[in-house]
Every structure is written in C-alpha cells, then in structure tokens.
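Trainee: Input model-v2.txt, format and content: compact mmCIF, C-alpha atoms.
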# COMPACT_ATOMS: atom_id res chain seq x y z
CA MET X 1 -45.16 -4.69 -120.46
CA THR X 2 -46.87 -4.01 -117.16
CA ALA X 3 -45.64 -4.45 -113.60
CA PHE X 4 -47.87 -4.33 -110.55
CA ILE X 5 -46.88 -2.79 -107.24
CA ILE X 6 -49.05 -4.12 -104.44
CA GLU X 7 -49.26 -2.56 -100.98
CA ALA X 8 -48.75 -5.09 -98.22
CA GLU X 9 -48.46 -5.48 -94.48
CA ASN X 10 -45.08 -6.59 -93.17
CA ARG X 11 -46.31 -9.92 -91.82
CA PRO X 12 -46.22 -13.62 -92.65
CA GLY X 13 -48.49 -14.71 -95.47
CA GLU X 14 -48.68 -11.57 -97.60
CA ILE X 15 -46.72 -13.05 -100.52
CA ALA X 16 -48.64 -16.32 -100.11
CA GLY X 17 -52.00 -14.56 -100.36
CA ILE X 18 -51.02 -12.61 -103.48
CA SER X 19 -49.53 -15.68 -105.18
CA GLU X 20 -52.60 -17.75 -104.29
CA ALA X 21 -54.92 -15.11 -105.80
CA LEU X 22 -52.98 -15.36 -109.06
CA GLY X 23 -52.47 -19.14 -108.97
CA GLU X 24 -56.19 -19.77 -108.49
CA GLN X 25 -56.75 -17.94 -111.78
CA GLY X 26 -53.98 -19.89 -113.56
CA ILE X 27 -51.76 -16.82 -113.80
CA ASN X 28 -48.00 -17.28 -113.62
CA ILE X 29 -45.71 -14.81 -111.85
CA THR X 30 -42.83 -14.11 -114.26
CA ALA X 31 -40.82 -11.74 -112.03
CA ILE X 32 -41.16 -10.67 -108.40
CA GLY X 33 -39.45 -8.58 -105.77
CA SER X 34 -40.54 -7.35 -102.36
CA ILE X 35 -39.41 -4.99 -99.63
CA ALA X 36 -40.67 -4.15 -96.17
CA TRP X 37 -40.15 -1.03 -94.11
CA GLY X 38 -41.49 -1.06 -90.59
CA GLU X 39 -45.11 -2.20 -90.57
CA ARG X 40 -45.65 -1.84 -94.34
CA GLY X 41 -44.11 -3.02 -97.54
CA ALA X 42 -44.65 -3.53 -101.23
CA ILE X 43 -44.50 -6.43 -103.61
CA GLY X 44 -43.65 -5.71 -107.22
CA LEU X 45 -44.39 -8.35 -109.81
CA MET X 46 -45.01 -9.15 -113.42
CA THR X 47 -47.34 -11.85 -114.69
CA SER X 48 -48.13 -13.91 -117.75
CA ASP X 49 -51.61 -12.30 -117.89
CA PRO X 50 -51.85 -8.66 -116.77
CA GLU X 51 -55.59 -8.42 -117.44
CA GLY X 52 -56.27 -11.55 -115.41
CA ALA X 53 -53.96 -10.28 -112.65
CA ARG X 54 -56.01 -7.07 -112.37
CA ASP X 55 -59.15 -9.16 -111.96
CA ALA X 56 -57.49 -11.43 -109.37
CA PHE X 57 -56.19 -8.46 -107.36
CA ASP X 58 -59.59 -6.75 -107.47
CA ARG X 59 -61.37 -9.92 -106.32
CA ALA X 60 -58.88 -10.29 -103.45
CA GLY X 61 -59.39 -6.65 -102.43
CA LEU X 62 -55.72 -5.79 -102.88
CA SER X 63 -54.46 -2.23 -103.21
CA TYR X 64 -52.19 -2.04 -106.24
CA ARG X 65 -51.03 0.18 -109.03
CA GLU X 66 -49.53 -0.45 -112.43
CA VAL X 67 -46.34 0.83 -114.04
CA GLU X 68 -45.16 0.37 -117.60
CA THR X 69 -41.85 -1.44 -117.84
CA VAL X 70 -38.83 -1.02 -120.03
CA GLU X 71 -36.63 -4.03 -120.66
CA PHE X 72 -32.90 -3.49 -121.08
CA ARG X 73 -29.65 -5.42 -121.02
CA LEU X 74 -26.40 -4.51 -119.27
CA GLU X 75 -22.99 -6.06 -119.04
CA ASP X 76 -22.65 -7.91 -115.75
CA ARG X 77 -19.86 -5.83 -114.24
CA PRO X 78 -19.54 -3.14 -111.57
CA GLY X 79 -20.93 0.27 -112.52
CA THR X 80 -23.24 -0.62 -115.39
CA LEU X 81 -26.40 -0.23 -113.32
CA ALA X 82 -25.06 3.05 -111.93
CA GLU X 83 -24.53 4.33 -115.47
CA ALA X 84 -27.99 3.24 -116.65
CA SER X 85 -29.78 4.61 -113.59
CA ARG X 86 -27.91 7.94 -113.89
CA ARG X 87 -29.07 8.21 -117.52
CA LEU X 88 -32.63 7.64 -116.36
CA ALA X 89 -32.31 10.16 -113.53
CA ASN X 90 -30.81 12.78 -115.84
CA ALA X 91 -33.79 12.29 -118.17
CA GLY X 92 -36.17 12.86 -115.24
CA VAL X 93 -37.36 9.23 -115.26
CA ASN X 94 -38.39 7.75 -111.91
CA VAL X 95 -37.78 4.03 -111.46
CA GLU X 96 -40.50 2.49 -109.28
CA PHE X 97 -39.73 -1.18 -109.82
CA LEU X 98 -36.53 -2.93 -110.89
CA VAL X 99 -35.98 -6.66 -111.21
CA PRO X 100 -33.54 -8.88 -113.09
CA THR X 101 -35.26 -11.29 -115.44
CA HIS X 102 -32.39 -13.10 -117.14
CA HIS X 103 -28.66 -13.62 -116.77
CA ASP X 104 -26.59 -15.08 -119.57
CA GLY X 105 -23.13 -14.80 -121.04
CA GLY X 106 -21.90 -11.92 -118.93
CA GLN X 107 -25.06 -9.88 -119.42
CA VAL X 108 -28.10 -9.29 -117.25
CA THR X 109 -31.57 -8.40 -118.51
CA LEU X 110 -33.64 -6.12 -116.31
CA GLN X 111 -37.22 -4.85 -116.26
CA ALA X 112 -37.69 -1.35 -114.90
CA GLY X 113 -41.15 -0.03 -114.03
CA VAL X 114 -40.94 3.66 -114.83
CA ASP X 115 -43.11 6.75 -114.89
CA ASN X 116 -42.20 7.59 -118.51
CA ALA X 117 -41.33 4.60 -120.70
CA MET X 118 -40.62 6.61 -123.85
CA ALA X 119 -38.14 8.87 -122.05
CA ALA X 120 -36.57 5.80 -120.41
CA ARG X 121 -36.03 4.09 -123.76
CA GLN X 122 -34.46 7.24 -125.19
CA ALA X 123 -32.22 7.68 -122.13
CA LEU X 124 -31.05 4.06 -122.19
CA GLY X 125 -30.38 4.14 -125.92
CA PRO X 126 -28.92 0.92 -127.30
CA ALA X 127 -29.29 -0.94 -123.99
CA ALA X 128 -33.08 -0.66 -124.32
CA ALA X 129 -33.07 -1.11 -128.09
CA ILE X 130 -31.50 -4.56 -127.79
CA LEU X 131 -34.76 -6.00 -126.50
CA ALA X 132 -37.34 -3.36 -127.40
What does the file become when written as structure tokens?

Mentor:
Amino acid sequence: MTAFIIEAENRPGEIAGISEALGEQGINITAIGSIAWGERGAIGLMTSDPEGARDAFDRAGLSYREVETVEFRLEDRPGTLAEASRRLANAGVNVEFLVPTHHDGGQVTLQAGVDNAMAARQALGPAAAILA
C-alpha cells in the first residue's frame, strides 16, 4: 500500500484543503495523521485510490511524496511498539509514517510508511506476516 506525506503550513485550513481536493474526486481518506512544528508541518494519509490521490494533489499544487507501507499487528500492551520499532531500527529501516488503522480484541493494527518495505517485513517477522 501507499501512504502520502504532504508538506503543509501550520495554519487553519490546511487539512480542509487537502481533504477537499480528495473529496472532490470521490476519494476516501482511510487513515490520517498530522503534526506541526513551528511554521511548518506534514500530513500523512492513506486513501482508497492512490492514483486518483496523486492526480488530486497535483491539480491542487500540493508538495507531497509517497512511501510504501507495511501493515502489522501488535498486542495492545506497553512495550510492543518499542519492540517492533527497535526491530525496524536494527534492520536499518526508517519509519516515516505510522498510524493505527484498527483496534480489536486486545490487538492494534498499524500501517508504517517505510524506506524499505521488504526489510521491514523481514524485521517484523510474524507480526507483519499476519496481514501481509
């Protein structure tokens, strides 16, 4: 799967403008997270139609990049994310986007946008294999 990381100003309306660009094309946002730092920020998201999202972002003149995601499941308890992220770090995998996408029965499903999806899947082992 693909996640998009969109550069944004830290001001009212940035998320609205991005969501409107997608909504006007009939594209659903399936996961989203944002962060601001000073004057700038970034919005990371996944959509129901990555190809259409590229077109919508280009038409809106947005600056964005894409990262491949790896989906994995962890037990919902302290330390499981630390363990998974340490495995990724030890494998030299950089996580550029991380968002929970489902929570059920004591487990949480996450999508991680990474710089090396194959290495991430190998590092995560069975956690990634559950949903791969």

Trainee: How many Å lie between atom CA of Gly13 of chain X and atom CA of Ile43 of chain X, rounded to one decimal?

Mentor: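 For atom CA of Gly13 of chain X relative to atom CA of Ile43 of chain X, the distance reads 12.3 Å.
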
Trainee: Box along x, y and z, 5 Å on every side, all listed atoms of segment 101-115 of chain X inside: centre and edge lengths in Å to one decimal, as JSON.

Mentor:
{"center_x": -32.5, "center_y": -4.2, "center_z": -117.5, "size_x": 31.2, "size_y": 31.8, "size_z": 17.0}

Trainee: Would you mind telling me which residue in X:Arg65, X:Arg121, X:Arg73, X:Arg11 lies nearest to Thr101 of chain X when using only C-alpha atoms?

Mentor: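 Between X:Arg65, X:Arg121, X:Arg73, X:Arg11, the residue approaching Thr101 of chain X most closely is X:Arg73.
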
Trainee: I want to know what sits within 10 Å of Thr69 of chain X, based on all atoms listed in the file, with residues of the same chain fewer than 4 positions away left out; could you give that as a CSV table (one decimal) with C-alpha atoms, keeping the file's coordinate frame?

Mentor:
chain,number,residue,atom,x,y,z
X,1,MET,CA,-45.2,-4.7,-120.5
X,2,THR,CA,-46.9,-4.0,-117.2
X,3,ALA,CA,-45.6,-4.4,-113.6
X,4,PHE,CA,-47.9,-4.3,-110.6
X,46,MET,CA,-45.0,-9.2,-113.4
X,95,VAL,CA,-37.8,4.0,-111.5
X,96,GLU,CA,-40.5,2.5,-109.3
X,97,PHE,CA,-39.7,-1.2,-109.8
X,98,LEU,CA,-36.5,-2.9,-110.9
X,110,LEU,CA,-33.6,-6.1,-116.3
X,111,GLN,CA,-37.2,-4.8,-116.3
X,112,ALA,CA,-37.7,-1.4,-114.9
X,113,GLY,CA,-41.2,0.0,-114.0
X,114,VAL,CA,-40.9,3.7,-114.8
X,115,ASP,CA,-43.1,6.8,-114.9
X,116,ASN,CA,-42.2,7.6,-118.5
X,117,ALA,CA,-41.3,4.6,-120.7
X,120,ALA,CA,-36.6,5.8,-120.4
X,121,ARG,CA,-36.0,4.1,-123.8

Trainee: Can you measure atom CA of Phe57 of chain X to atom CA of Ala119 of chain X for me? One decimal in Å is fine.

Mentor: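 Atom CA of Ala119 of chain X lies 29.0 Å from atom CA of Phe57 of chain X.
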
Trainee: Report as a list in words all protein, DNA and RNA residues lying within 7 Å of Leu88 of chain X, evaluated on only C-alpha atoms, omitting residues in the same chain fewer than 4 positions from it.

Mentor: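 Here the answer would be Ala84, Gly92, Val93, Ala120 and Ala123 of chain X.
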
Trainee: From the set X:Gln122, X:Thr80, X:Ser48, X:Gln25, which residue has the shortest atom-to-atom contact distance to Gly106 of chain X, counting all atoms listed in the file?

Mentor: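 Residue with the minimum atom-to-atom distance to Gly106 of chain X: X:Thr80.
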
Trainee: For Asp58 of chain X, find every residue with an atom within 10 Å (counting only C-alpha atoms), except residues of its own chain fewer than 6 positions away, and show them as a VMD selection string.

Mentor: chain X and resid 21 52 64

Trainee: So what do you get for atom CA of Glu7 of chain X versus atom CA of Gly61 of chain X, distance-wise?

Mentor: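 These two atoms are separated by 11.0 Å.
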
Trainee: So which one's closest to His103 of chain X, X:Arg87, X:Ile15, X:Ala36, X:Phe72? Using all atoms listed in the file, please.

Mentor: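 Smallest distance to His103 of chain X is found for X:Phe72.
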
Trainee: List the spatial neighbours of Ala42 of chain X as a PyMOL selection string - criterion: any atom at most 6 Å away, all atoms listed in the file, same-chain residues fewer than 4 positions off excluded.

Mentor: chain X and resi 6-8+34-35

Trainee: Complete the atom set of segment 78-106 of chain X to N, CA and C atoms and return it as a tab-separated table (two decimals), in the coordinates of the input.

Mentor:
chain	number	residue	atom	x	y	z
X	78	PRO	N	-19.30	-4.29	-112.45
X	78	PRO	CA	-19.54	-3.14	-111.57
X	78	PRO	C	-19.72	-1.84	-112.36
X	79	GLY	N	-20.72	-1.06	-111.96
X	79	GLY	CA	-20.93	0.27	-112.52
X	79	GLY	C	-21.93	0.38	-113.64
X	80	THR	N	-22.32	-0.74	-114.26
X	80	THR	CA	-23.24	-0.62	-115.39
X	80	THR	C	-24.64	-0.19	-114.96
X	81	LEU	N	-25.10	-0.68	-113.82
X	81	LEU	CA	-26.40	-0.23	-113.32
X	81	LEU	C	-26.33	1.23	-112.90
X	82	ALA	N	-25.22	1.64	-112.31
X	82	ALA	CA	-25.06	3.05	-111.93
X	82	ALA	C	-25.15	3.94	-113.16
X	83	GLU	N	-24.49	3.54	-114.24
X	83	GLU	CA	-24.53	4.33	-115.47
X	83	GLU	C	-25.95	4.42	-116.04
X	84	ALA	N	-26.63	3.26	-116.10
X	84	ALA	CA	-27.99	3.24	-116.65
X	84	ALA	C	-28.95	4.04	-115.78
X	85	SER	N	-28.86	3.88	-114.46
X	85	SER	CA	-29.78	4.61	-113.59
X	85	SER	C	-29.48	6.11	-113.58
X	86	ARG	N	-28.24	6.51	-113.78
X	86	ARG	CA	-27.91	7.94	-113.89
X	86	ARG	C	-28.49	8.50	-115.17
X	87	ARG	N	-28.45	7.75	-116.26
X	87	ARG	CA	-29.07	8.21	-117.52
X	87	ARG	C	-30.56	8.44	-117.31
X	88	LEU	N	-31.20	7.49	-116.62
X	88	LEU	CA	-32.63	7.64	-116.36
X	88	LEU	C	-32.91	8.86	-115.48
X	89	ALA	N	-32.13	9.01	-114.43
X	89	ALA	CA	-32.31	10.16	-113.53
X	89	ALA	C	-32.11	11.48	-114.27
X	90	ASN	N	-31.07	11.55	-115.09
X	90	ASN	CA	-30.81	12.78	-115.84
X	90	ASN	C	-31.92	13.10	-116.82
X	91	ALA	N	-32.65	12.09	-117.26
X	91	ALA	CA	-33.79	12.29	-118.17
X	91	ALA	C	-35.08	12.56	-117.40
X	92	GLY	N	-34.99	12.60	-116.06
X	92	GLY	CA	-36.17	12.86	-115.24
X	92	GLY	C	-37.08	11.65	-115.08
X	93	VAL	N	-36.57	10.46	-115.35
X	93	VAL	CA	-37.36	9.23	-115.26
X	93	VAL	C	-37.23	8.65	-113.85
X	94	ASN	N	-38.37	8.38	-113.23
X	94	ASN	CA	-38.39	7.75	-111.91
X	94	ASN	C	-38.57	6.25	-112.07
X	95	VAL	N	-37.69	5.49	-111.44
X	95	VAL	CA	-37.78	4.03	-111.46
X	95	VAL	C	-38.53	3.59	-110.20
X	96	GLU	N	-39.67	2.93	-110.40
X	96	GLU	CA	-40.50	2.49	-109.28
X	96	GLU	C	-40.39	1.00	-109.00
X	97	PHE	N	-39.84	0.27	-109.94
X	97	PHE	CA	-39.73	-1.18	-109.82
X	97	PHE	C	-38.54	-1.61	-110.67
X	98	LEU	N	-37.68	-2.45	-110.14
X	98	LEU	CA	-36.53	-2.93	-110.89
X	98	LEU	C	-36.26	-4.37	-110.50
X	99	VAL	N	-36.19	-5.24	-111.50
X	99	VAL	CA	-35.98	-6.66	-111.21
X	99	VAL	C	-35.20	-7.30	-112.37
X	100	PRO	N	-34.21	-8.14	-112.03
X	100	PRO	CA	-33.54	-8.88	-113.09
X	100	PRO	C	-34.43	-10.01	-113.58
X	101	THR	N	-34.42	-10.23	-114.88
X	101	THR	CA	-35.26	-11.29	-115.44
X	101	THR	C	-34.48	-12.37	-116.17
X	102	HIS	N	-33.19	-12.09	-116.45
X	102	HIS	CA	-32.39	-13.10	-117.14
X	102	HIS	C	-30.92	-12.76	-116.96
X	103	HIS	N	-30.11	-13.79	-116.87
X	103	HIS	CA	-28.66	-13.62	-116.77
X	103	HIS	C	-28.01	-14.63	-117.68
X	104	ASP	N	-27.19	-14.16	-118.63
X	104	ASP	CA	-26.59	-15.08	-119.57
X	104	ASP	C	-25.36	-14.46	-120.24
X	105	GLY	N	-24.31	-15.21	-120.28
X	105	GLY	CA	-23.13	-14.80	-121.04
X	105	GLY	C	-22.54	-13.46	-120.64
X	106	GLY	N	-22.49	-13.18	-119.36
X	106	GLY	CA	-21.90	-11.92	-118.93
X	106	GLY	C	-22.81	-10.72	-119.06
